[in-house]
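Peer 1: Just dropping this structure here.
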Amino acid sequence: MSEIEKNMSEEDLDYELIDLEDEDGNTVTFEIFYRLELDGAPYYALTPYSEDENPDTDDDEIFFLKEMESDGEKYLDTIDNDDEYQRVANAFFELFSEMFDYEENE
């Protein structure tokens with residue numbers, strides 16, 4: 001089983017915004033919801049950022065990206081491997097359920 005490094009601190013309570021370019025060249029702003037390390041690699045959970053706090057909007061999307069490095073520059077990239085993506089998603093959902101005391105109805 002993979003080790004999940006959980007580093008919770010005061011910094012985790014603040015949010016950070018990041019602009020990413022989609023495949024069509026459009027800039028989209030995301031909020032970095034959380035970061036974790038899984039099998040020694042950093043992964044991020046991002047949610048689309050909107051200044052509109054309308055509770056009727058369905059902005060519950062979460063994107064999982066992997067931190068990569070090229071020529072000394074760090075960047076976030078999609079997780080193309082299905083097995084890796086599933087491991088990352090499961091790790092984040094386990095972490096979120098612990099953080100928010102979420103109990104699934106079975």
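Following the order of the structure tokens, chains are lettered A, B, ..., residues in each are numbered from 1, and ligands are numbered from 1.
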Identify, on the basis of only C-alpha atoms, every residue whose closest approach to Tyr49 in chain A does not exceed 7 Å; exclude the query and any residue fewer than 6 positions from it along the same chain; express the result as a PDB file with C-alpha atoms, in the first residue's frame.

Peer 2:
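That gives us result-v8.pdb:
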```pdb
ATOM      1  CA  THR A  29      -8.252  29.949 -12.799  1.00  0.00           C
ATOM      2  CA  PHE A  30      -8.259  27.142 -10.240  1.00  0.00           C
ATOM      3  CA  GLU A  31      -8.098  27.030  -6.484  1.00  0.00           C
TER       4      GLU A  31
END
```

Peer 1: Need to verify the contact set: range 20-27 of chain A, 12 Å, only C-alpha atoms, exclusion of same-chain residues closer than 5 positions in sequence. Can you return it as a list of chain:residue names?

Peer 2: A:Ile32, A:Leu46, A:Thr47, A:Pro48, A:Tyr49, A:Phe63, A:Leu65, A:Tyr75, A:Leu76, A:Asp77, A:Thr78

Peer 1: Can you write just those residues out, C-alpha atoms, as a CSV table (one decimal), in the first residue's frame?

Peer 2:
```csv
chain,number,residue,atom,x,y,z
A,32,ILE,CA,-5.5,24.6,-5.1
A,46,LEU,CA,-7.9,21.7,-7.9
A,47,THR,CA,-11.3,23.2,-8.2
A,48,PRO,CA,-12.4,25.8,-10.7
A,49,TYR,CA,-12.4,29.2,-9.1
A,63,PHE,CA,-9.3,17.9,-10.9
A,65,LEU,CA,-2.9,16.9,-11.4
A,75,TYR,CA,4.5,22.5,-13.7
A,76,LEU,CA,1.2,20.7,-13.3
A,77,ASP,CA,0.2,18.1,-15.8
A,78,THR,CA,-2.7,15.7,-16.3
```

Peer 1: Would you pick out the contacts of Glu67 in chain A at 12 Å or less, using only C-alpha atoms, so that residues sharing its chain but fewer than 2 positions from it are not included, and give the list as an MDAnalysis selection string?

Peer 2: chainID A and resid 35:38 40:45 64:65 69:70 73:79

Peer 1: Export, as a tab-separated table (two decimals), in the first residue's frame, the selected residues with N, CA and C atoms.

Peer 2:
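Below is the file that was written, out_11.tsv:
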```
chain	number	residue	atom	x	y	z
A	35	ARG	N	-2.88	19.38	-1.48
A	35	ARG	CA	-1.69	18.76	-2.07
A	35	ARG	C	-1.32	17.57	-1.21
A	36	LEU	N	-0.90	16.50	-1.85
A	36	LEU	CA	-0.39	15.35	-1.11
A	36	LEU	C	0.72	14.70	-1.91
A	37	GLU	N	1.51	13.90	-1.21
A	37	GLU	CA	2.55	13.12	-1.88
A	37	GLU	C	2.14	11.67	-1.81
A	38	LEU	N	2.22	11.01	-2.93
A	38	LEU	CA	1.85	9.60	-3.04
A	38	LEU	C	2.97	8.91	-3.81
A	40	GLY	N	6.01	9.20	-3.40
A	40	GLY	CA	7.10	10.14	-3.63
A	40	GLY	C	6.84	11.21	-4.66
A	41	ALA	N	5.64	11.24	-5.25
A	41	ALA	CA	5.32	12.25	-6.26
A	41	ALA	C	4.25	13.20	-5.71
A	42	PRO	N	4.39	14.51	-5.96
A	42	PRO	CA	3.39	15.47	-5.50
A	42	PRO	C	2.18	15.52	-6.45
A	43	TYR	N	1.00	15.52	-5.85
A	43	TYR	CA	-0.26	15.63	-6.60
A	43	TYR	C	-1.09	16.74	-6.00
A	44	TYR	N	-1.92	17.34	-6.84
A	44	TYR	CA	-2.76	18.46	-6.41
A	44	TYR	C	-4.22	18.17	-6.74
A	45	ALA	N	-5.09	18.60	-5.84
A	45	ALA	CA	-6.53	18.59	-6.08
A	45	ALA	C	-6.92	20.04	-6.32
A	64	PHE	N	-7.47	16.37	-10.52
A	64	PHE	CA	-6.24	15.87	-9.91
A	64	PHE	C	-5.11	15.99	-10.93
A	65	LEU	N	-4.06	16.71	-10.56
A	65	LEU	CA	-2.92	16.91	-11.43
A	65	LEU	C	-1.65	16.52	-10.71
A	69	GLU	N	8.51	18.15	-13.55
A	69	GLU	CA	9.62	19.09	-13.68
A	69	GLU	C	10.32	18.85	-15.01
A	70	SER	N	10.63	19.94	-15.69
A	70	SER	CA	11.36	19.89	-16.95
A	70	SER	C	12.30	21.08	-17.01
A	73	GLU	N	12.11	23.61	-14.28
A	73	GLU	CA	10.83	24.31	-14.11
A	73	GLU	C	9.77	23.31	-13.67
A	74	LYS	N	9.03	23.63	-12.62
A	74	LYS	CA	7.93	22.78	-12.16
A	74	LYS	C	6.64	23.22	-12.83
A	75	TYR	N	5.80	22.24	-13.13
A	75	TYR	CA	4.50	22.52	-13.73
A	75	TYR	C	3.53	21.41	-13.36
A	76	LEU	N	2.23	21.67	-13.53
A	76	LEU	CA	1.21	20.67	-13.27
A	76	LEU	C	0.76	20.07	-14.58
A	77	ASP	N	0.56	18.76	-14.57
A	77	ASP	CA	0.17	18.06	-15.79
A	77	ASP	C	-0.93	17.05	-15.46
A	78	THR	N	-1.66	16.65	-16.47
A	78	THR	CA	-2.71	15.67	-16.29
A	78	THR	C	-2.10	14.30	-15.98
A	79	ILE	N	-2.89	13.45	-15.36
A	79	ILE	CA	-2.48	12.09	-15.05
A	79	ILE	C	-3.10	11.20	-16.12
```

Peer 1: So the first atom is CA of Val28 in chain A and the second is CA of Glu51 in chain A; what is the distance between them in Å, to one decimal place?

Peer 2: 12.8 Å

Peer 1: Report the distance between CA of Asp60 in chain A and CA of Asp39 in chain A in Å, rounded to one decimal place.

Peer 2: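 Distance between the two atoms: 26.8 Å.
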
Peer 1: One number please: CA of Leu17 in chain A to CA of Met68 in chain A, in Å, one decimal.

Peer 2: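 Between CA of Leu17 in chain A and CA of Met68 in chain A the gap works out to 18.3 Å.
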